[in-house]
>>> print(open('protein-v6.txt').read())   # compact mmCIF, C-alpha atoms and all ligand atoms
# COMPACT_ATOMS: atom_id res chain seq x y z
CA MET Q 962 -61.07 77.39 23.84
CA PRO Q 963 -61.70 75.45 20.61
CA ALA Q 964 -60.75 77.05 17.31
CA THR Q 965 -63.00 79.25 15.21
CA ILE Q 966 -64.34 77.12 12.36
CA ILE Q 967 -63.72 78.85 9.03
CA ASP Q 968 -66.97 78.59 7.07
CA GLY Q 969 -65.80 78.03 3.49
CA LYS Q 970 -69.34 77.47 2.29
CA ALA Q 971 -70.44 80.92 3.44
CA VAL Q 972 -67.31 82.65 2.08
CA ALA Q 973 -67.72 80.83 -1.25
CA ALA Q 974 -71.36 81.90 -1.45
CA SER Q 975 -70.39 85.54 -0.95
CA ILE Q 976 -67.69 85.28 -3.64
CA ARG Q 977 -70.17 83.71 -6.06
CA GLU Q 978 -72.57 86.59 -5.30
CA ASP Q 979 -69.86 89.12 -6.12
CA ALA Q 980 -69.06 87.21 -9.34
CA ALA Q 981 -72.77 87.22 -10.27
CA ALA Q 982 -72.93 90.98 -9.75
CA ARG Q 983 -69.83 91.48 -11.90
CA ALA Q 984 -71.26 89.14 -14.56
CA ALA Q 985 -74.45 91.25 -14.66
CA GLU Q 986 -72.31 94.37 -15.02
CA TYR Q 987 -70.45 92.69 -17.91
CA ARG Q 988 -73.71 91.69 -19.63
CA GLU Q 989 -75.06 95.23 -19.24
CA LYS Q 990 -71.92 96.71 -20.76
CA PHE Q 991 -71.17 94.24 -23.54
CA GLY Q 992 -74.54 92.64 -24.37
CA ARG Q 993 -73.63 89.07 -23.49
CA ALA Q 994 -72.73 87.02 -20.43
CA PRO Q 995 -69.13 86.00 -19.70
CA GLY Q 996 -68.62 82.50 -21.15
CA LEU Q 997 -66.85 79.39 -19.87
CA ALA Q 998 -66.10 76.26 -21.92
CA VAL Q 999 -65.52 73.12 -19.89
CA VAL Q 1000 -63.88 70.18 -21.63
CA ILE Q 1001 -64.02 66.66 -20.22
CA VAL Q 1002 -62.35 63.66 -21.83
CA GLY Q 1003 -63.45 60.15 -20.86
CA ASP Q 1004 -65.77 59.11 -18.07
CA ASP Q 1005 -63.89 59.48 -14.80
CA PRO Q 1006 -66.74 59.69 -12.25
CA ALA Q 1007 -65.01 62.26 -10.01
CA SER Q 1008 -64.31 64.50 -13.03
CA ARG Q 1009 -67.96 64.18 -14.07
CA VAL Q 1010 -69.08 65.43 -10.62
CA TYR Q 1011 -66.61 68.37 -10.73
CA VAL Q 1012 -67.71 69.36 -14.24
CA ASN Q 1013 -71.41 69.21 -13.29
CA ASN Q 1014 -70.70 71.38 -10.24
CA LYS Q 1015 -68.83 73.92 -12.39
CA LYS Q 1016 -71.74 74.15 -14.84
CA LYS Q 1017 -74.22 74.53 -11.98
CA ALA Q 1018 -72.13 77.33 -10.44
CA CYS Q 1019 -72.03 79.13 -13.82
CA ALA Q 1020 -75.83 78.97 -14.06
CA GLY Q 1021 -76.08 80.45 -10.54
CA CYS Q 1022 -73.80 83.36 -11.48
CA ASP Q 1023 -75.39 84.01 -14.90
CA ILE Q 1024 -72.19 82.94 -16.65
CA TYR Q 1025 -72.79 81.20 -19.99
CA SER Q 1026 -71.26 77.71 -19.98
CA GLU Q 1027 -70.87 75.01 -22.56
CA GLU Q 1028 -69.64 71.49 -22.05
CA HIS Q 1029 -67.53 69.56 -24.52
CA ALA Q 1030 -67.64 65.90 -23.46
CA LEU Q 1031 -65.25 63.83 -25.55
CA PRO Q 1032 -64.75 60.07 -25.54
CA ALA Q 1033 -61.68 58.55 -23.84
CA THR Q 1034 -60.44 57.56 -27.32
CA THR Q 1035 -60.05 61.22 -28.39
CA THR Q 1036 -56.58 61.85 -29.79
CA GLU Q 1037 -54.27 64.56 -28.51
CA ASP Q 1038 -54.55 66.36 -31.87
CA GLU Q 1039 -58.34 66.35 -31.70
CA LEU Q 1040 -58.25 67.82 -28.20
CA LEU Q 1041 -55.65 70.44 -29.19
CA ASP Q 1042 -57.87 71.39 -32.15
CA LEU Q 1043 -60.85 71.90 -29.87
CA VAL Q 1044 -58.80 74.03 -27.48
CA ARG Q 1045 -57.65 76.23 -30.38
CA ARG Q 1046 -61.23 76.65 -31.59
CA LEU Q 1047 -62.31 77.69 -28.09
CA ASN Q 1048 -59.37 80.11 -27.87
CA ALA Q 1049 -60.73 81.80 -31.01
CA ASP Q 1050 -64.42 81.70 -29.99
CA PRO Q 1051 -65.66 85.21 -29.11
CA LYS Q 1052 -68.44 83.88 -26.80
CA ILE Q 1053 -65.85 82.12 -24.65
CA ASP Q 1054 -63.75 83.94 -22.03
CA GLY Q 1055 -62.51 80.93 -20.09
CA VAL Q 1056 -61.35 77.50 -21.24
CA LEU Q 1057 -61.04 74.75 -18.66
CA VAL Q 1058 -59.89 71.24 -19.53
CA GLN Q 1059 -60.76 68.95 -16.64
CA LEU Q 1060 -57.78 66.91 -15.38
CA PRO Q 1061 -56.70 64.15 -15.27
CA LEU Q 1062 -56.60 63.38 -18.99
CA PRO Q 1063 -56.22 59.86 -20.43
CA ASN Q 1064 -52.60 58.68 -20.45
CA HIS Q 1065 -52.13 59.02 -24.21
CA ILE Q 1066 -52.69 62.80 -24.02
CA SER Q 1067 -50.01 65.14 -22.68
CA GLU Q 1068 -51.53 67.39 -20.01
CA ASP Q 1069 -48.65 69.83 -20.41
CA LYS Q 1070 -49.27 70.20 -24.14
CA VAL Q 1071 -52.97 70.77 -23.61
CA ILE Q 1072 -52.45 73.32 -20.82
CA GLU Q 1073 -49.90 75.15 -22.96
CA ALA Q 1074 -52.36 75.26 -25.88
CA ILE Q 1075 -54.92 77.23 -23.84
CA SER Q 1076 -54.67 80.95 -24.45
CA PRO Q 1077 -53.13 82.43 -21.25
CA SER Q 1078 -55.86 85.10 -21.23
CA LYS Q 1079 -58.56 82.36 -21.14
CA ASP Q 1080 -56.69 80.07 -18.71
CA VAL Q 1081 -59.15 80.35 -15.82
CA ASP Q 1082 -57.40 77.48 -14.01
CA GLY Q 1083 -54.20 79.55 -13.89
CA PHE Q 1084 -52.16 76.50 -14.97
CA HIS Q 1085 -50.48 77.89 -18.11
CA PRO Q 1086 -46.72 78.46 -17.62
CA ILE Q 1087 -47.19 82.12 -18.58
CA ASN Q 1088 -49.63 82.59 -15.71
CA VAL Q 1089 -47.48 80.50 -13.36
CA GLY Q 1090 -44.50 82.70 -14.28
CA SER Q 1091 -46.50 85.89 -13.72
CA LEU Q 1092 -47.49 84.65 -10.26
CA MET Q 1093 -43.84 83.87 -9.52
CA VAL Q 1094 -42.64 87.38 -10.42
CA GLY Q 1095 -45.62 89.18 -8.86
CA LYS Q 1096 -47.32 90.32 -12.08
CA PRO Q 1097 -51.14 90.40 -12.24
CA ALA Q 1098 -52.49 87.21 -13.86
CA LEU Q 1099 -55.20 84.58 -13.63
CA ARG Q 1100 -54.37 82.72 -10.41
CA PRO Q 1101 -55.06 79.04 -9.74
CA CYS Q 1102 -58.42 78.65 -8.02
CA THR Q 1103 -57.68 76.49 -4.96
CA PRO Q 1104 -54.64 78.51 -3.80
CA ALA Q 1105 -56.51 81.79 -4.44
CA GLY Q 1106 -59.41 80.40 -2.38
CA ILE Q 1107 -57.05 79.43 0.43
CA MET Q 1108 -55.66 82.98 0.52
CA GLU Q 1109 -59.18 84.39 0.69
CA LEU Q 1110 -59.98 82.16 3.70
CA ILE Q 1111 -56.73 83.15 5.44
CA HIS Q 1112 -57.49 86.86 4.85
CA ARG Q 1113 -60.94 86.48 6.36
CA THR Q 1114 -59.48 85.18 9.65
CA GLY Q 1115 -57.99 88.68 10.03
CA ILE Q 1116 -54.41 87.38 10.51
CA GLU Q 1117 -51.67 89.77 9.38
CA LEU Q 1118 -49.31 87.61 7.32
CA LYS Q 1119 -46.36 89.97 7.28
CA GLY Q 1120 -43.45 88.41 9.16
CA LYS Q 1121 -45.44 85.30 10.19
CA ARG Q 1122 -44.23 81.73 9.75
CA ALA Q 1123 -46.24 79.86 7.12
CA VAL Q 1124 -45.68 76.15 6.58
CA VAL Q 1125 -47.11 74.46 3.49
CA VAL Q 1126 -47.18 70.66 3.50
CA GLY Q 1127 -47.31 69.42 -0.10
CA ARG Q 1128 -45.52 70.69 -3.20
CA SER Q 1129 -47.97 70.06 -6.04
CA ASN Q 1130 -48.16 72.43 -9.01
CA ILE Q 1131 -51.88 72.89 -8.36
CA VAL Q 1132 -51.81 73.78 -4.64
CA GLY Q 1133 -48.55 73.57 -2.65
CA LYS Q 1134 -46.20 75.53 -4.89
CA PRO Q 1135 -48.60 78.34 -5.91
CA VAL Q 1136 -50.00 78.91 -2.41
CA SER Q 1137 -46.42 79.15 -1.10
CA ILE Q 1138 -45.68 81.92 -3.61
CA MET Q 1139 -48.90 83.74 -2.68
CA LEU Q 1140 -47.99 83.59 1.03
CA LEU Q 1141 -44.48 84.82 0.24
CA ALA Q 1142 -45.91 87.71 -1.79
CA GLU Q 1143 -47.71 88.79 1.38
CA HIS Q 1144 -44.44 88.76 3.32
CA ALA Q 1145 -44.87 85.52 5.26
CA THR Q 1146 -41.75 83.46 5.92
CA VAL Q 1147 -42.60 80.28 4.04
CA THR Q 1148 -41.39 76.70 4.45
CA ILE Q 1149 -42.50 74.08 1.93
CA CYS Q 1150 -42.54 70.51 3.24
CA HIS Q 1151 -43.05 67.21 1.46
CA SER Q 1152 -42.83 63.47 1.89
CA ARG Q 1153 -39.05 63.58 2.43
CA THR Q 1154 -39.03 66.38 5.00
CA GLU Q 1155 -37.29 65.28 8.19
CA ASP Q 1156 -39.19 65.70 11.45
CA LEU Q 1157 -42.30 67.09 9.82
CA PRO Q 1158 -44.20 67.49 13.13
CA SER Q 1159 -41.65 69.92 14.54
CA VAL Q 1160 -41.60 72.00 11.32
CA CYS Q 1161 -45.41 72.16 11.41
CA ARG Q 1162 -45.27 73.27 15.07
CA GLU Q 1163 -43.45 76.45 13.98
CA ALA Q 1164 -46.34 77.52 11.77
CA ASP Q 1165 -48.56 80.51 12.51
CA VAL Q 1166 -50.33 79.48 9.31
CA LEU Q 1167 -50.34 75.80 8.36
CA VAL Q 1168 -51.61 74.73 4.92
CA VAL Q 1169 -51.85 70.98 4.37
CA ALA Q 1170 -52.36 69.52 0.87
CA VAL Q 1171 -50.97 66.00 0.75
CA GLY Q 1172 -53.94 63.63 0.34
CA ARG Q 1173 -53.30 61.54 3.47
CA PRO Q 1174 -56.29 61.20 5.79
CA LYS Q 1175 -55.81 62.73 9.29
CA MET Q 1176 -52.02 62.87 8.90
CA VAL Q 1177 -51.56 66.09 10.89
CA LYS Q 1178 -52.21 65.52 14.58
CA GLY Q 1179 -53.15 68.00 17.29
CA ASP Q 1180 -49.65 68.04 18.77
CA TRP Q 1181 -48.19 69.13 15.38
CA ILE Q 1182 -50.02 72.45 15.69
CA LYS Q 1183 -48.85 75.64 17.39
CA PRO Q 1184 -51.54 76.88 19.80
CA GLY Q 1185 -53.60 79.58 18.09
CA ALA Q 1186 -52.39 78.79 14.54
CA VAL Q 1187 -54.56 79.17 11.44
CA VAL Q 1188 -54.93 75.68 9.92
CA ILE Q 1189 -56.06 75.22 6.32
CA ASP Q 1190 -56.88 71.64 5.38
CA VAL Q 1191 -56.94 71.05 1.61
CA GLY Q 1192 -57.34 67.27 1.88
CA THR Q 1193 -60.42 65.56 0.48
CA ASN Q 1194 -59.91 61.88 1.21
CA ARG Q 1195 -62.73 59.40 0.86
CA VAL Q 1196 -62.50 56.79 3.59
CA GLY Q 1197 -64.69 53.76 4.02
CA GLY Q 1198 -66.43 54.33 0.72
CA LYS Q 1199 -68.19 57.64 1.31
CA LYS Q 1200 -67.05 59.78 4.24
CA LEU Q 1201 -64.82 62.76 3.34
CA VAL Q 1202 -61.90 63.43 5.67
CA GLY Q 1203 -59.17 66.00 5.52
CA ASP Q 1204 -55.39 65.69 5.87
CA VAL Q 1205 -55.69 67.11 9.40
CA ASP Q 1206 -57.11 65.22 12.36
CA PHE Q 1207 -59.89 67.75 12.91
CA ASP Q 1208 -61.08 66.59 16.33
CA GLU Q 1209 -57.57 66.95 17.76
CA ALA Q 1210 -56.60 70.09 15.83
CA VAL Q 1211 -59.74 72.06 16.71
CA GLU Q 1212 -58.65 71.97 20.38
CA VAL Q 1213 -55.28 73.61 19.60
CA ALA Q 1214 -55.68 75.85 16.54
CA GLY Q 1215 -56.98 79.43 16.59
CA ALA Q 1216 -58.95 78.92 13.37
CA ILE Q 1217 -59.41 75.85 11.19
CA THR Q 1218 -61.19 74.83 7.99
CA PRO Q 1219 -63.52 71.82 8.23
CA VAL Q 1220 -63.69 69.05 5.63
CA PRO Q 1221 -66.10 69.18 3.92
CA GLY Q 1222 -67.17 72.83 3.85
CA GLY Q 1223 -63.78 74.53 4.10
CA VAL Q 1224 -61.46 74.87 1.09
CA GLY Q 1225 -63.59 72.67 -1.21
CA PRO Q 1226 -66.35 75.16 -2.02
CA MET Q 1227 -63.80 77.93 -2.57
CA THR Q 1228 -62.28 76.37 -5.70
CA ILE Q 1229 -65.41 76.75 -7.82
CA ALA Q 1230 -66.19 80.18 -6.37
CA MET Q 1231 -62.74 81.43 -7.42
CA LEU Q 1232 -63.27 79.85 -10.85
CA MET Q 1233 -66.41 81.99 -11.25
CA LYS Q 1234 -64.42 85.05 -10.23
CA ASN Q 1235 -61.64 84.17 -12.71
CA CYS Q 1236 -64.18 83.75 -15.55
CA VAL Q 1237 -65.68 87.17 -14.99
CA GLU Q 1238 -62.30 88.83 -14.55
CA ALA Q 1239 -60.96 87.13 -17.71
CA ALA Q 1240 -64.00 88.46 -19.61
CA PHE Q 1241 -63.42 92.02 -18.41
CA ALA Q 1242 -59.66 91.82 -19.03
CA ALA Q 1243 -60.26 90.76 -22.64
CA ARG Q 1244 -62.11 94.03 -23.23
CA SER Q 1245 -59.56 96.35 -21.63
N1 LIG H 1301 -58.88 68.26 -11.60
C1 LIG H 1301 -58.83 68.37 -10.25
N2 LIG H 1301 -58.79 69.68 -9.89
C2 LIG H 1301 -58.81 70.40 -11.04
C3 LIG H 1301 -58.80 71.80 -11.30
O1 LIG H 1301 -58.74 72.66 -10.41
N3 LIG H 1301 -58.84 72.14 -12.62
C4 LIG H 1301 -58.89 71.21 -13.61
N4 LIG H 1301 -58.91 71.67 -14.87
N5 LIG H 1301 -58.89 69.92 -13.39
C5 LIG H 1301 -58.86 69.52 -12.10
>>> encode(input="protein-v6.txt", output="structure tokens", more="lines below")
Ligand code: GUN
Amino acid sequence: MPATIIDGKAVAASIREDAAARAAEYREKFGRAPGLAVVIVGDDPASRVYVNNKKKACAGCDIYSEEHALPATTTEDELLDLVRRLNADPKIDGVLVQLPLPNHISEDKVIEAISPSKDVDGFHPINVGSLMVGKPALRPCTPAGIMELIHRTGIELKGKRAVVVGRSNIVGKPVSIMLLAEHATVTICHSRTEDLPSVCREADVLVVAVGRPKMVKGDWIKPGAVVIDVGTNRVGGKKLVGDVDFDEAVEVAGAITPVPGGVGPMTIAMLMKNCVEAAFAARS
């Protein structure tokens, strides 16, 4: 029997609805909407699309948003100044600086300049550290979205084998810690892992975030496994394909995310949730 397709679009819509309800509650209580500042430097077309989508999602959740679009020639000091002003701005509960930044600006310095309580991306080392030691904190959006999708399959993670392919700071490492926190036995794989297919075949939950189109084949998957495909690879100009060979994997897995329409929509939905929760946390 083919796998259940995990409908990330529908789950994301329900999370955005919850965020909208919480935003309304916040407005009722405090007389203003939660606020997100989105900063974009330069004119990377992909970043422009992401930023537009974030602003649109805010409008749909009744979250106030403002965009700060800076030229590619902006200096690091100018950007750090803006971040500090946004940290101090009482209308703003979340500060998001779209990555990548131009090469002459240190991403680390900019991330570290964002107030941890307004770091809705969950990238600040304070928030990363809190995640690592199991303290409540703003959690990075894509890994938090992945966990939400896994939960909604109904799988009990305790004692299960989870394999994460990819060790990025944005997805692979944090999702591994989140799986571990829920008592999965976690293996993190990467480009130098030996015999990757046989490690993947041990997984009850397989999360793939490497950016290589259709790398994971059907015979890498344990029958019945939950497969989460984080890849968004553009091939042949336009078509989006995941890191998993969907047509093969869907015949073996128990549940699988499609690309597009799986993990992708979850990232912005979790950002909305983080904005509202950051706003409430600032008042408590
Ligand atoms: N660039 C690609 N993904 C992200 C993200 O989740 N947050 C930010 N700030 N930049 C990104």
>>> residues_near_ligand(input="protein-v6.txt", ligand="ligand LIG 1301 (chain H)", cutoff="7 Å", atoms="all atoms listed in the file", output="ChimeraX atom specification")
/Q:1008,1057-1061,1082,1102-1103,1228
>>> write_last_selection(input="protein-v6.txt", atoms="C-alpha atoms", output="CSV table (one decimal), keeping the file's coordinate frame")
chain,number,residue,atom,x,y,z
Q,1008,SER,CA,-64.3,64.5,-13.0
Q,1057,LEU,CA,-61.0,74.8,-18.7
Q,1058,VAL,CA,-59.9,71.2,-19.5
Q,1059,GLN,CA,-60.8,69.0,-16.6
Q,1060,LEU,CA,-57.8,66.9,-15.4
Q,1061,PRO,CA,-56.7,64.2,-15.3
Q,1082,ASP,CA,-57.4,77.5,-14.0
Q,1102,CYS,CA,-58.4,78.6,-8.0
Q,1103,THR,CA,-57.7,76.5,-5.0
Q,1228,THR,CA,-62.3,76.4,-5.7
>>> atom_distance(input="protein-v6.txt", atom1="atom CA of Lys990 of chain Q", atom2="atom CA of Ser1245 of chain Q")
12.4 Å
>>> residues_near_point(input="protein-v6.txt", point="(-55.8, 81.3, -20.5)", cutoff="10 Å", atoms="only C-alpha atoms", output="PDB file with C-alpha atoms, in the frame of the given file")
ATOM      1  CA  ASN Q1048     -59.370  80.110 -27.870  1.00  0.00           C
ATOM      2  CA  ASP Q1054     -63.750  83.940 -22.030  1.00  0.00           C
ATOM      3  CA  GLY Q1055     -62.510  80.930 -20.090  1.00  0.00           C
ATOM      4  CA  VAL Q1056     -61.350  77.500 -21.240  1.00  0.00           C
ATOM      5  CA  LEU Q1057     -61.040  74.750 -18.660  1.00  0.00           C
ATOM      6  CA  ILE Q1072     -52.450  73.320 -20.820  1.00  0.00           C
ATOM      7  CA  GLU Q1073     -49.900  75.150 -22.960  1.00  0.00           C
ATOM      8  CA  ALA Q1074     -52.360  75.260 -25.880  1.00  0.00           C
ATOM      9  CA  ILE Q1075     -54.920  77.230 -23.840  1.00  0.00           C
ATOM     10  CA  SER Q1076     -54.670  80.950 -24.450  1.00  0.00           C
ATOM     11  CA  PRO Q1077     -53.130  82.430 -21.250  1.00  0.00           C
ATOM     12  CA  SER Q1078     -55.860  85.100 -21.230  1.00  0.00           C
ATOM     13  CA  LYS Q1079     -58.560  82.360 -21.140  1.00  0.00           C
ATOM     14  CA  ASP Q1080     -56.690  80.070 -18.710  1.00  0.00           C
ATOM     15  CA  VAL Q1081     -59.150  80.350 -15.820  1.00  0.00           C
ATOM     16  CA  ASP Q1082     -57.400  77.480 -14.010  1.00  0.00           C
ATOM     17  CA  GLY Q1083     -54.200  79.550 -13.890  1.00  0.00           C
ATOM     18  CA  PHE Q1084     -52.160  76.500 -14.970  1.00  0.00           C
ATOM     19  CA  HIS Q1085     -50.480  77.890 -18.110  1.00  0.00           C
ATOM     20  CA  PRO Q1086     -46.720  78.460 -17.620  1.00  0.00           C
ATOM     21  CA  ILE Q1087     -47.190  82.120 -18.580  1.00  0.00           C
ATOM     22  CA  ASN Q1088     -49.630  82.590 -15.710  1.00  0.00           C
ATOM     23  CA  ALA Q1098     -52.490  87.210 -13.860  1.00  0.00           C
ATOM     24  CA  LEU Q1099     -55.200  84.580 -13.630  1.00  0.00           C
ATOM     25  CA  ALA Q1239     -60.960  87.130 -17.710  1.00  0.00           C
TER      26      ALA Q1239
END
>>> closest_residue(input="protein-v6.txt", among="Q:Ala1214, Q:Val1169, Q:Val1220, Q:Leu1062", to="Ala964 of chain Q", atoms="all atoms listed in the file")
Q:Ala1214
>>> closest_residue(input="protein-v6.txt", among="Q:Ile1024, Q:Met1231, Q:Ile967, Q:Ile1217", to="Val1168 of chain Q", atoms="all atoms listed in the file")
Q:Ile1217
